[in-house]
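Below is one structure; the comments refer to it alone.
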Amino acid sequence: MSVPTKPEPANALTNEVSNLDLATSEKPYLDSNELVINMGPQHPATHGVLRVILKLDGEKVLGTECVIGYLHRGVEKIAENRTYTMFNPYVDRMDYVAAVSNGLGYCEAVEKLLNVEAPPRAKYIRVILTELNRIASHQLWLGTHALDIGAMTPLFYTFRDREEILKIFEKYCGARLTTHAFRIGGCQYETYAGFEKEVENYLAFLPPKIDEYEALLTGNRIWLERTKNVGVISAADAIALGVTGPVLRASGVKWDLRKAQPYAAYSDFDFEIPTGKNGDTFDRYMVRMVEMRQSLRIIEQAVGRIPEGPIMAKVPKVIKPAVGEIYHSIEAPKGELGYFIVSDGSTQPYRVRVRPPSFVNLQALDIMVRGMLVADVVAVIGTLDIVLGEVDR
Amino acid sequence: MTPGMAPVATPFFFYLLSGLAVLGGVLVITRRNAVHSALALIVTLLAVSGLYLMLYAPFVAGVQIIVYAGGIMVLFLFVIMLVNIERTAKERQFNRIWPAGVLAAVALLGLFVSVYVKGKRLFPDSNLPLPETSNTQQIGVMLYGNYMFSFEIASLLLLVAILGAVIMAKKRI
Amino acid sequence: MSYFGSQLSPGVAGNQLWALIYISIIFAGVSVAVMAMNWLERKALAHFQVRLGPMRVGPHGLLQPIADALKLLLKEDIIPAEADQFVFWIAPLIGLLASFTVYTVVPFGPSQAVSDMNIGILFMLGVSSLGVLGIVMAGWASNSHYPLIGALRSSAQMVSYEVAMGLAVVSAILMTSLNESGTGTLSMIEIVRAQQQQGIWFIFKFFPLGLIAFVIFAIAMVAETNRAPFDLAEAESELTAGFHTEYSGLRWSLFMLAEYAAMIAVSSIAVTLWLGGWMRPFPNALSAPAWEFLFSLFPALTFGGLAGIGFLGAARMPSHSFFKIQRAGLAVFAALLGLLALLLLVIAIAGRNADNSIAARFREGIDYVYWFVLKVAVFMYLFIWYRATWPRYRFDQLMKIGWKVMLPISLGVLIVTAIVGVIVK
Amino acid sequence: MVPITTLHYLVVAAALFVLGLIGVLTRRNVVIVLMSIELVLNAVNLNLVAFSRMWGNLHGQVFSIFIVVDAAAEAAVGLGILIAFFRNKETINVDEIDLLKW
């Protein structure tokens with residue numbers, strides 16, 4: 001029986017704004033089990049307050065629509081009413097699992113606007129802390145992602161090991177999660193006594209633990225079946241959607257801002273950018289696992305040769321950049337984190353626009369899950385590694 | 001059961017089970033909501049399976065529970081869920097010719113009654129001995145002996161039914 | 001006491017009083033086992049996951065299940081406004097009834113069973129398959145999407161895996177017929193006796209045929225009880241809680257009770273069919289009275305060991321006044337276990353002669369139940385272990401495994417077993 | 001109490017049969033009609049098993065097993081048809097299923 005149906009959009013670019021047509025009354029083919037399900041905002045697997053409206057045919061996903069904004073706090077607007085220095089702690093509240101990266105991006109953007117450069121020692125400390133934060137972020141991702149797929153145990157292992165990183169943060173700047181570790185122009189705090197020793201201990205401590213995670217998951221047949229060929233996104237689609245970070249690299253595009261436009265002290269270090277082939281959930285998993293090891297490699301190089309010297313550049317007490325605008329982006333754990341700052345010459349920015357990696361990556365959800373099953377939606381939301389604080393800002 | 005032992009409280013269980021069965025039957029054909037009907041039918045099926053046990057037919061009782069209550073009724077419930085439209089429960093439940101249907105059924109009941117009343121002596125009060133302990137084995141022997149051909153045909157029937165059901169329920173034919 | 005000396009189960013002997021006593025014991029025992037399992041699962045899972053688990057209510061959280069039960073009993077009983085009240089109300093009862101009725105034919109010993117039907121295993125499979133009705137009804141009656149999908153999933157899953165499970169069971173039943181008379185049996189007690197007569201647990205029979213059938217059953221039974229890695233029906237990350245999303249309080253606890261009771265029930269099927277039921281290891285080879293006596297010490301030793309662990313735990317508690325009551329509680333608990341061990345020891349010694357004295361009967365009964373429960377406990381631990389280790393299957397993969405892997409293998413095993421059986425005979 | 005004879009079972013079976021028949025003839029909901037057919041088949045089964053008990057042989061029981069097989073096949077195909085029908089006409093009332101083609 002041939003019944004006319006609505007043509008499926010060929011790829012993401014031809015999608016309409018709303019790809020669900022929930023209100024449409026005409027039903028081309030009377031289907032007995034077409035369901036519309038609200039996944040979230042209160043749902044264990046949406047990582048906060050993401051709401052996904054799923055149109056299902058039985059278990060098959062016909063379309064999705066993300067409803068965001070439940071965690072909107074108006075961070076960008078707040079920036080317009082704060083001085084540059086006062087806004088610095090706010091950026092930690094966006095991607096709260098990678099607060100250090102957020103701070104780094106903002107500080108470097110303002111430094112660029114001011115035409116100052118952080119001293120080398122500060123840069124090295126920044127790199128160490130940011131890479132530790134990348135590991136922490138990936139660990140949290142791994143735990144929750146595995147939990148979404150049904151493996152409970154990795155969650156506790158990763159949280160146990162993430163704790164050690166948080167302890168280092170706490171000792172360094174007094175905060176564990178929203179660290180506010182960096183200042184415009186460098187770092188506020190000198191490293192504490194024994195900092196290098198502790199980081200080195202961690203370097204020895206983590207690799208066996210990563211092996212442990214991999215022992216639980218990488219070879220596990222159920223894990224392979226749940227992740228291979230699930231949520232595939234091609235390199236072309238990923239680039240077209242602006243997807244960045246591990247999600248893009250898993251599709252085979254070797255794009256990492258740490259190499260492409262080195263910031264901080266990254267040009268000093270030797271490390272590799274892992275890429276995947278198929279762009280499926282398993283590749284994204286592997287890319288992040290390798291990234292953790294590569295981060296360790298960077299830290300290992302950095303911690304051995306932190307240069308002596310000041311940790312703050314000369315920055316005026318009252319920051320008043322010249323009129324102008326700047327876009328600066330860094331490679332956050334989740335992808336390209338960019339800050340676009342417009343200065344009108346006053347003490348407060350005229351406009352701050354954040355390009356959050358989670359928000360952009362979340363766009364890919366629809367084309368990744370179309371035709372897959374409900375269980376895959378959960379897996380794909382997990383693999384995108386979104387943080388709703390950053391999506392909604 | 002050990003031979004020679006009288007079954008416990010037979011009349012009581014008989015009336016209980018048959019009462020449940022008939023009550024369930026009445027509910028099946030009167031409920032508005034198909035799920036309630038299905039529930040009632042399950043009660044009937046279980047009660048009938050109890051009656052089988054009282055008739056020394058444990059294997060049939062087991063088959064009744066597994067196939068009917070555990071299989072067919074799940075299928076029914078499944079389909080009721082899939083085609084669950086609230087409209088159906090609010091509509092007229094009986095078709096227009098229901099008086100004729102009831103009349104025919106009652107006439108049949110009259111026939112049954114008259115046959116049973118007239119032919120009461122055809123049914124002996126005492127039953128012939130039926131081996132209960134080896135019931136399953138004997139049924140197995142009969143199924144694979146006397147009824148071999150029928151058994152094969154039944155399996156063929158099931159195969160055809162499976163294929164038919166799959167094709168019927170497929171999305172687009 | 002005339003019944004007590006007989007070798008029959010009360011259902012077979014027609015002894016209603018003892019049947020009632022057995023039913024009460026089993027009901028209470030299973031309920032306690034479910035509570036213990038609840039504690040054990042949380043505790044074992046916690047230790048798998050480098051955490052401590054319940055530690056607050058009682059020493060090492062020993063009173064946690066009781067606190068949970070109390071909380072659930074006292075909770076407000078919510079029925080959603082749009083739910084079908086009657087079906088919503090009756091669904092958990094159906095599940096509970098199905099999983100508890102099964103225990104009427106579970107043979108804890110040659111006479112330690114409520115009854116012995118000659119369709120025992122058929123009855124068990126049939127009644128446990130009724131549990132799916134409760135799940136379907138719960139999902140439908142909640143009148144909500146997540147429960148509905150959960151119910152559809154779990155009913156499809158349970159019906160599919162029943163097939164492989166049944167075929168695996170058939171191949172074990174086939175093995176019971178390899179005796180002189182050539183007639184097999186469906187009776188649970190007779191199945192164990194057949195293993196005794198043939199001198200081998202069916203898991204090792206025709207190696208590896210029995211083992212394969214056993215493994216298929218062991219996988220299918222996890223799927224039947226909706227446990228990880230087949231817990232799609234209640235996949236928390238996907239369907240919040242599956243078919244019991246809308247349930248709370250007492251009704252929810254009934255579902256939990258039914259689930260755990262069903263787990264114990266299917267484990268006891270596996271134990272009966274493949275692991276020699278109530279029999280101790282090597283009942284034929286090591287049948288000398290000395291061996292008999294040695295094995296009869298095991299229950300006492302087990303409880304003694306548990307008591308030892310309890311005392312050790314009490315001794316290892318931090319010496320702080322805060323832990324005083326906890327330490328005392330744990331010590332008392334360990335002491336109770338020790339007393340039990342002592343009692344078992346006395347019984348084992350008093351009943352060491354295989355005469356028909358009451359002590360000997362008691363000792364035998366305790367041995368039977370002990371070995372049966374021990375084997376079931378291993379399965380319970382496996383259930384927890386699975387849950388700690390594995391991710392969850394996706395629905396289509398689950399179906400694929402059920403129909404394309406397990407079913408052909410179990411069919412093949414059945415056929416090969418039949419052929420080998422004929423050849424051996 | 002009178003002892004339970006075959007006739008008792010036959011009466012129960014007759015009652016179930018008639019109830020099933022009434023269901024088949026009067027209800028509009030196809031699902032319930034199919035369930036009524038199951039009732040009828042059960043009544044027949046009960047008769048067969050009762051007669052099997054009366055004559056002391058197992059032919060009746062074997063027959064009833066065949067009928068159970070039949071019932072399973074009938075339910076599967078019937079419900080399959082029902083689903084196909086529901087997809088196309090969105091109704092499950094028998095008196096609206098009166099066209100062979102649409």
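Numbering starts fresh at 1 for the residues of each chain in the structure tokens, the chains themselves are lettered A, B, ... in the order given, and ligands are numbered from 1 as they appear.
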Distance table requested - segment 60-114 of chain B against segment 67-73 of chain D, cut-off 12 Å, only C-alpha atoms: one row per qualifying residue with the closest atom pair and its distance in Å to one decimal, ordered by chain and rising residue number, as JSON lines.
```
{"residue": "B:Val60", "atom": "CA", "partner": "D:Val68", "partner_atom": "CA", "distance": 9.2}
{"residue": "B:Ala61", "atom": "CA", "partner": "D:Val68", "partner_atom": "CA", "distance": 11.0}
{"residue": "B:Gly62", "atom": "CA", "partner": "D:Val68", "partner_atom": "CA", "distance": 11.5}
{"residue": "B:Val63", "atom": "CA", "partner": "D:Val68", "partner_atom": "CA", "distance": 8.1}
{"residue": "B:Gln64", "atom": "CA", "partner": "D:Val68", "partner_atom": "CA", "distance": 7.4}
{"residue": "B:Ile65", "atom": "CA", "partner": "D:Val68", "partner_atom": "CA", "distance": 10.7}
{"residue": "B:Ile66", "atom": "CA", "partner": "D:Val68", "partner_atom": "CA", "distance": 10.5}
{"residue": "B:Val67", "atom": "CA", "partner": "D:Ala72", "partner_atom": "CA", "distance": 7.5}
{"residue": "B:Tyr68", "atom": "CA", "partner": "D:Val68", "partner_atom": "CA", "distance": 7.6}
{"residue": "B:Ala69", "atom": "CA", "partner": "D:Ala72", "partner_atom": "CA", "distance": 11.0}
{"residue": "B:Gly70", "atom": "CA", "partner": "D:Ala72", "partner_atom": "CA", "distance": 11.3}
{"residue": "B:Gly71", "atom": "CA", "partner": "D:Ala72", "partner_atom": "CA", "distance": 8.2}
{"residue": "B:Ile72", "atom": "CA", "partner": "D:Ala72", "partner_atom": "CA", "distance": 6.2}
{"residue": "B:Met73", "atom": "CA", "partner": "D:Ala72", "partner_atom": "CA", "distance": 9.7}
{"residue": "B:Val74", "atom": "CA", "partner": "D:Ala72", "partner_atom": "CA", "distance": 11.4}
{"residue": "B:Leu75", "atom": "CA", "partner": "D:Ala72", "partner_atom": "CA", "distance": 9.6}
{"residue": "B:Phe76", "atom": "CA", "partner": "D:Ala72", "partner_atom": "CA", "distance": 10.8}
```
Export of prior selection with all heavy atoms as a tab-separated table (two decimals), in the first residue's frame:
```tsv
chain	number	residue	atom	x	y	z
B	60	VAL	N	-3.49	-30.92	31.08
B	60	VAL	CA	-4.33	-29.95	30.38
B	60	VAL	C	-4.43	-28.67	31.21
B	60	VAL	O	-4.40	-27.56	30.67
B	60	VAL	CB	-5.73	-30.53	30.09
B	60	VAL	CG1	-6.55	-29.53	29.32
B	60	VAL	CG2	-5.61	-31.81	29.31
B	61	ALA	N	-4.51	-28.84	32.53
B	61	ALA	CA	-4.58	-27.66	33.38
B	61	ALA	C	-3.32	-26.82	33.23
B	61	ALA	O	-3.38	-25.59	33.10
B	61	ALA	CB	-4.77	-28.08	34.84
B	62	GLY	N	-2.16	-27.50	33.23
B	62	GLY	CA	-0.91	-26.76	33.05
B	62	GLY	C	-0.85	-26.06	31.72
B	62	GLY	O	-0.47	-24.90	31.62
B	63	VAL	N	-1.27	-26.77	30.67
B	63	VAL	CA	-1.27	-26.16	29.34
B	63	VAL	C	-2.22	-24.96	29.31
B	63	VAL	O	-1.91	-23.91	28.74
B	63	VAL	CB	-1.68	-27.21	28.28
B	63	VAL	CG1	-1.98	-26.54	26.97
B	63	VAL	CG2	-0.57	-28.21	28.10
B	64	GLN	N	-3.36	-25.14	29.97
B	64	GLN	CA	-4.33	-24.05	30.02
B	64	GLN	C	-3.69	-22.79	30.64
B	64	GLN	O	-3.82	-21.69	30.10
B	64	GLN	CB	-5.53	-24.49	30.87
B	64	GLN	CG	-6.50	-23.39	31.21
B	64	GLN	CD	-7.69	-23.39	30.29
B	64	GLN	OE1	-7.71	-24.14	29.31
B	64	GLN	NE2	-8.65	-22.54	30.56
B	65	ILE	N	-2.97	-22.99	31.75
B	65	ILE	CA	-2.37	-21.82	32.41
B	65	ILE	C	-1.29	-21.22	31.53
B	65	ILE	O	-1.25	-20.01	31.30
B	65	ILE	CB	-1.79	-22.21	33.78
B	65	ILE	CG1	-2.92	-22.60	34.73
B	65	ILE	CG2	-1.02	-21.06	34.36
B	65	ILE	CD1	-2.43	-23.05	36.07
B	66	ILE	N	-0.41	-22.08	30.99
B	66	ILE	CA	0.72	-21.53	30.22
B	66	ILE	C	0.23	-20.88	28.94
B	66	ILE	O	0.54	-19.73	28.65
B	66	ILE	CB	1.73	-22.64	29.88
B	66	ILE	CG1	2.53	-23.01	31.12
B	66	ILE	CG2	2.68	-22.18	28.80
B	66	ILE	CD1	3.73	-23.84	30.83
B	67	VAL	N	-0.56	-21.62	28.18
B	67	VAL	CA	-0.90	-21.12	26.85
B	67	VAL	C	-1.99	-20.05	26.92
B	67	VAL	O	-1.84	-18.97	26.35
B	67	VAL	CB	-1.35	-22.28	25.93
B	67	VAL	CG1	-1.77	-21.74	24.59
B	67	VAL	CG2	-0.24	-23.28	25.77
B	68	TYR	N	-3.04	-20.35	27.65
B	68	TYR	CA	-4.14	-19.39	27.68
B	68	TYR	C	-3.80	-18.18	28.52
B	68	TYR	O	-3.71	-17.06	28.04
B	68	TYR	CB	-5.40	-20.06	28.24
B	68	TYR	CG	-6.40	-20.43	27.17
B	68	TYR	CD1	-6.76	-21.75	26.96
B	68	TYR	CD2	-6.96	-19.46	26.39
B	68	TYR	CE1	-7.66	-22.10	25.98
B	68	TYR	CE2	-7.87	-19.79	25.41
B	68	TYR	CZ	-8.22	-21.11	25.21
B	68	TYR	OH	-9.11	-21.43	24.25
B	69	ALA	N	-3.61	-18.44	29.84
B	69	ALA	CA	-3.48	-17.30	30.74
B	69	ALA	C	-2.17	-16.58	30.52
B	69	ALA	O	-2.10	-15.36	30.55
B	69	ALA	CB	-3.60	-17.78	32.18
B	70	GLY	N	-1.09	-17.36	30.27
B	70	GLY	CA	0.21	-16.72	30.13
B	70	GLY	C	0.50	-16.24	28.73
B	70	GLY	O	1.31	-15.35	28.54
B	71	GLY	N	-0.11	-16.85	27.73
B	71	GLY	CA	0.21	-16.49	26.36
B	71	GLY	C	-0.88	-15.70	25.66
B	71	GLY	O	-0.70	-14.55	25.31
B	72	ILE	N	-2.00	-16.35	25.47
B	72	ILE	CA	-3.05	-15.74	24.67
B	72	ILE	C	-3.58	-14.47	25.33
B	72	ILE	O	-3.80	-13.45	24.66
B	72	ILE	CB	-4.19	-16.74	24.43
B	72	ILE	CG1	-3.67	-17.95	23.64
B	72	ILE	CG2	-5.32	-16.10	23.66
B	72	ILE	CD1	-4.70	-18.99	23.36
B	73	MET	N	-3.73	-14.50	26.64
B	73	MET	CA	-4.28	-13.32	27.29
B	73	MET	C	-3.31	-12.15	27.25
B	73	MET	O	-3.72	-11.00	27.15
B	73	MET	CB	-4.67	-13.63	28.73
B	73	MET	CG	-5.90	-14.48	28.87
B	73	MET	SD	-7.18	-14.12	27.67
B	73	MET	CE	-7.70	-12.51	28.19
B	74	VAL	N	-2.01	-12.46	27.30
B	74	VAL	CA	-1.04	-11.38	27.16
B	74	VAL	C	-1.16	-10.75	25.78
B	74	VAL	O	-1.12	-9.53	25.61
B	74	VAL	CB	0.38	-11.90	27.42
B	74	VAL	CG1	1.40	-10.82	27.16
B	74	VAL	CG2	0.50	-12.39	28.83
B	75	LEU	N	-1.36	-11.64	24.79
B	75	LEU	CA	-1.56	-11.14	23.43
B	75	LEU	C	-2.78	-10.23	23.37
B	75	LEU	O	-2.74	-9.13	22.80
B	75	LEU	CB	-1.75	-12.35	22.51
B	75	LEU	CG	-1.65	-12.11	21.01
B	75	LEU	CD1	-0.27	-11.63	20.67
B	75	LEU	CD2	-1.97	-13.38	20.29
B	76	PHE	N	-3.86	-10.68	23.99
B	76	PHE	CA	-5.07	-9.86	24.01
B	76	PHE	C	-4.80	-8.51	24.65
B	76	PHE	O	-5.16	-7.46	24.10
B	76	PHE	CB	-6.18	-10.59	24.79
B	76	PHE	CG	-7.07	-11.41	23.91
B	76	PHE	CD1	-6.97	-12.80	23.90
B	76	PHE	CD2	-8.00	-10.82	23.09
B	76	PHE	CE1	-7.78	-13.57	23.09
B	76	PHE	CE2	-8.82	-11.57	22.28
B	76	PHE	CZ	-8.71	-12.95	22.29
```
Enumerate, in order of chain and increasing residue number, the residues of segment 335-423 of chain C with an atom no farther than 8 Å from segment 288-305 of chain C, each with its shortest atom pair and distance in Å to one decimal, counting only C-alpha atoms, as a Markdown table.
```
| residue | atom | partner | partner_atom | distance |
| --- | --- | --- | --- | --- |
| C:Leu337 | CA | C:Phe303 | CA | 5.9 |
| C:Gly338 | CA | C:Gly304 | CA | 5.4 |
| C:Leu340 | CA | C:Phe303 | CA | 6.9 |
| C:Ala341 | CA | C:Ala300 | CA | 4.4 |
| C:Leu342 | CA | C:Ala300 | CA | 6.7 |
| C:Leu343 | CA | C:Ala300 | CA | 7.8 |
| C:Leu344 | CA | C:Ala300 | CA | 5.1 |
| C:Leu345 | CA | C:Ala300 | CA | 5.2 |
| C:Ala348 | CA | C:Ser296 | CA | 5.9 |
| C:Ile349 | CA | C:Phe293 | CA | 7.9 |
| C:Arg352 | CA | C:Phe293 | CA | 6.0 |
| C:Arg363 | CA | C:Ser296 | CA | 7.5 |
| C:Ile366 | CA | C:Pro299 | CA | 7.8 |
| C:Asp367 | CA | C:Ser296 | CA | 6.1 |
| C:Tyr370 | CA | C:Pro299 | CA | 6.4 |
```
Neighbouring residues of segment 105-121 of chain B were defined as those with any atom within 9 Å, considering only C-alpha atoms; residues of the same chain fewer than 4 positions away were excluded. Please report them as an MDAnalysis selection string. (chainID B and resid 100:101 125) or (chainID D and resid 7 10:11 14:15 17:19 21:22 25)
I'd like the neighbourhood of segment 150-156 of chain C as JSON, numbers by chain, where a residue qualifies if any of its atoms comes within 9 Å (using only C-alpha atoms), though same-chain residues fewer than 3 positions away should be ignored. {"B": [74, 78, 81], "C": [132, 133, 135, 136, 137, 138, 139, 140, 145, 146, 147, 159, 160, 161, 223, 224, 226, 231, 232, 233, 234, 235, 239, 241, 242, 243, 244, 395, 399]}
Residues of chain C near chain B: apply a cut-off of 6 Å, count only C-alpha atoms, and supply the list as a PDB file with C-alpha atoms, in the first residue's frame.
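What ended up in iface11.pdb:
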```
ATOM      1  CA  VAL C  12       0.911 -35.426  48.764  1.00  0.00           C
ATOM      2  CA  LEU C 122       4.955 -26.999  34.059  1.00  0.00           C
ATOM      3  CA  PHE C 123       2.985 -25.479  36.900  1.00  0.00           C
ATOM      4  CA  GLY C 126       2.913 -21.401  33.909  1.00  0.00           C
ATOM      5  CA  SER C 129       4.378 -16.483  33.442  1.00  0.00           C
ATOM      6  CA  LEU C 130       1.207 -15.036  34.953  1.00  0.00           C
TER       7      LEU C 130
END
```
Distance-based interface of chain A with chain C, 9 Å, counting only C-alpha atoms, as a ChimeraX atom specification: /A:35-37,39,43-46,58-59,146-157,160,216-217,220,222-223,225-226,373-378
As a ChimeraX atom specification, please: every residue in segment 247-320 of chain C that DSSP puts in alpha helix (DSSP H). /C:249-274,289-296,298-316
Exercise: Val48 of chain B partners within 9 Å, only C-alpha atoms, chain neighbours under 2 positions left out, as an MDAnalysis selection string: (chainID B and resid 17:18 20:21 43:46 50:53 61 64) or (chainID D and resid 42:43 46)
Neighbouring residues of segment 152-165 of chain B were defined as those with any atom within 6 Å, considering only C-alpha atoms; residues of the same chain fewer than 6 positions away were excluded. Please report them as a PyMOL selection string. chain D and resi 73+76-77+80
Prev. selection, N, CA, C and O atoms, output as a compact mmCIF listing (two decimals), in the first residue's frame:
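Okay, again.txt is ready:
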```
# COMPACT_ATOMS: atom_id res chain seq x y z
N ALA D 73 -3.81 -20.21 17.66
CA ALA D 73 -3.69 -19.79 16.28
C ALA D 73 -4.77 -18.78 15.93
O ALA D 73 -4.51 -17.74 15.31
N ALA D 76 -4.10 -15.38 17.47
CA ALA D 76 -3.01 -14.66 16.82
C ALA D 76 -3.48 -14.05 15.51
O ALA D 76 -3.29 -12.85 15.25
N VAL D 77 -4.12 -14.87 14.68
CA VAL D 77 -4.54 -14.36 13.38
C VAL D 77 -5.64 -13.31 13.55
O VAL D 77 -5.62 -12.26 12.91
N GLY D 80 -4.19 -10.16 14.69
CA GLY D 80 -3.42 -9.57 13.58
C GLY D 80 -4.32 -8.84 12.62
O GLY D 80 -4.06 -7.69 12.23
```
Within 10 Å of Ala81 of chain C using only C-alpha atoms, minus same-chain residues under 4 positions, as an NGL selection string: :C and (85 or 142-143)
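All chain D residues having an atom within 9 Å of chain A, based on only C-alpha atoms, amount to Ile83, Phe86, Arg87, Asn88, Lys89 and Glu90 of chain D.
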Take the selection from the previous step and output its residues with all heavy atoms, as a PDB file, in the first residue's frame.
```
ATOM      1  N   ILE D  83      -5.522  -5.629  14.154  1.00  0.00           N
ATOM      2  CA  ILE D  83      -4.564  -4.518  14.138  1.00  0.00           C
ATOM      3  C   ILE D  83      -4.485  -3.913  12.749  1.00  0.00           C
ATOM      4  O   ILE D  83      -4.514  -2.686  12.586  1.00  0.00           O
ATOM      5  CB  ILE D  83      -3.181  -5.002  14.602  1.00  0.00           C
ATOM      6  CG1 ILE D  83      -3.236  -5.244  16.098  1.00  0.00           C
ATOM      7  CG2 ILE D  83      -2.114  -4.004  14.257  1.00  0.00           C
ATOM      8  CD1 ILE D  83      -1.918  -5.370  16.741  1.00  0.00           C
ATOM      9  N   PHE D  86      -7.555  -1.887  12.303  1.00  0.00           N
ATOM     10  CA  PHE D  86      -7.565  -0.675  13.106  1.00  0.00           C
ATOM     11  C   PHE D  86      -6.677   0.389  12.473  1.00  0.00           C
ATOM     12  O   PHE D  86      -7.001   1.576  12.458  1.00  0.00           O
ATOM     13  CB  PHE D  86      -7.076  -0.990  14.517  1.00  0.00           C
ATOM     14  CG  PHE D  86      -7.018   0.210  15.390  1.00  0.00           C
ATOM     15  CD1 PHE D  86      -8.165   0.748  15.938  1.00  0.00           C
ATOM     16  CD2 PHE D  86      -5.809   0.833  15.662  1.00  0.00           C
ATOM     17  CE1 PHE D  86      -8.112   1.863  16.737  1.00  0.00           C
ATOM     18  CE2 PHE D  86      -5.758   1.951  16.460  1.00  0.00           C
ATOM     19  CZ  PHE D  86      -6.914   2.457  16.995  1.00  0.00           C
ATOM     20  N   ARG D  87      -5.555  -0.038  11.900  1.00  0.00           N
ATOM     21  CA  ARG D  87      -4.667   0.920  11.252  1.00  0.00           C
ATOM     22  C   ARG D  87      -5.359   1.619  10.112  1.00  0.00           C
ATOM     23  O   ARG D  87      -5.153   2.793   9.875  1.00  0.00           O
ATOM     24  CB  ARG D  87      -3.471   0.179  10.671  1.00  0.00           C
ATOM     25  CG  ARG D  87      -2.432  -0.039  11.671  1.00  0.00           C
ATOM     26  CD  ARG D  87      -1.061   0.162  11.104  1.00  0.00           C
ATOM     27  NE  ARG D  87      -0.167  -0.288  12.160  1.00  0.00           N
ATOM     28  CZ  ARG D  87       0.309  -1.506  12.190  1.00  0.00           C
ATOM     29  NH1 ARG D  87       0.054  -2.338  11.228  1.00  0.00           N
ATOM     30  NH2 ARG D  87       1.057  -1.871  13.180  1.00  0.00           N
ATOM     31  N   ASN D  88      -6.201   0.876   9.401  1.00  0.00           N
ATOM     32  CA  ASN D  88      -6.779   1.457   8.205  1.00  0.00           C
ATOM     33  C   ASN D  88      -8.066   2.206   8.459  1.00  0.00           C
ATOM     34  O   ASN D  88      -8.348   3.191   7.810  1.00  0.00           O
ATOM     35  CB  ASN D  88      -7.021   0.361   7.168  1.00  0.00           C
ATOM     36  CG  ASN D  88      -5.717  -0.080   6.549  1.00  0.00           C
ATOM     37  OD1 ASN D  88      -4.994   0.738   6.035  1.00  0.00           O
ATOM     38  ND2 ASN D  88      -5.409  -1.353   6.667  1.00  0.00           N
ATOM     39  N   LYS D  89      -8.886   1.752   9.404  1.00  0.00           N
ATOM     40  CA  LYS D  89     -10.171   2.408   9.594  1.00  0.00           C
ATOM     41  C   LYS D  89     -10.336   3.042  10.961  1.00  0.00           C
ATOM     42  O   LYS D  89     -11.322   3.710  11.210  1.00  0.00           O
ATOM     43  CB  LYS D  89     -11.310   1.405   9.358  1.00  0.00           C
ATOM     44  CG  LYS D  89     -11.518   1.111   7.885  1.00  0.00           C
ATOM     45  CD  LYS D  89     -12.892   0.566   7.630  1.00  0.00           C
ATOM     46  CE  LYS D  89     -13.919   1.664   7.430  1.00  0.00           C
ATOM     47  NZ  LYS D  89     -15.248   1.136   7.117  1.00  0.00           N
ATOM     48  N   GLU D  90      -9.399   2.812  11.838  1.00  0.00           N
ATOM     49  CA  GLU D  90      -9.448   3.376  13.182  1.00  0.00           C
ATOM     50  C   GLU D  90     -10.764   3.079  13.896  1.00  0.00           C
ATOM     51  O   GLU D  90     -11.374   3.943  14.522  1.00  0.00           O
ATOM     52  CB  GLU D  90      -9.189   4.888  13.163  1.00  0.00           C
ATOM     53  CG  GLU D  90      -8.453   5.287  14.411  1.00  0.00           C
ATOM     54  CD  GLU D  90      -7.873   6.695  14.359  1.00  0.00           C
ATOM     55  OE1 GLU D  90      -8.039   7.378  13.339  1.00  0.00           O
ATOM     56  OE2 GLU D  90      -7.268   7.061  15.347  1.00  0.00           O
TER      57      GLU D  90
END
```
Which of segment 36-115 of chain A fall in strand (DSSP E or B), as a ChimeraX atom specification: /A:36-39,51-57,60-67
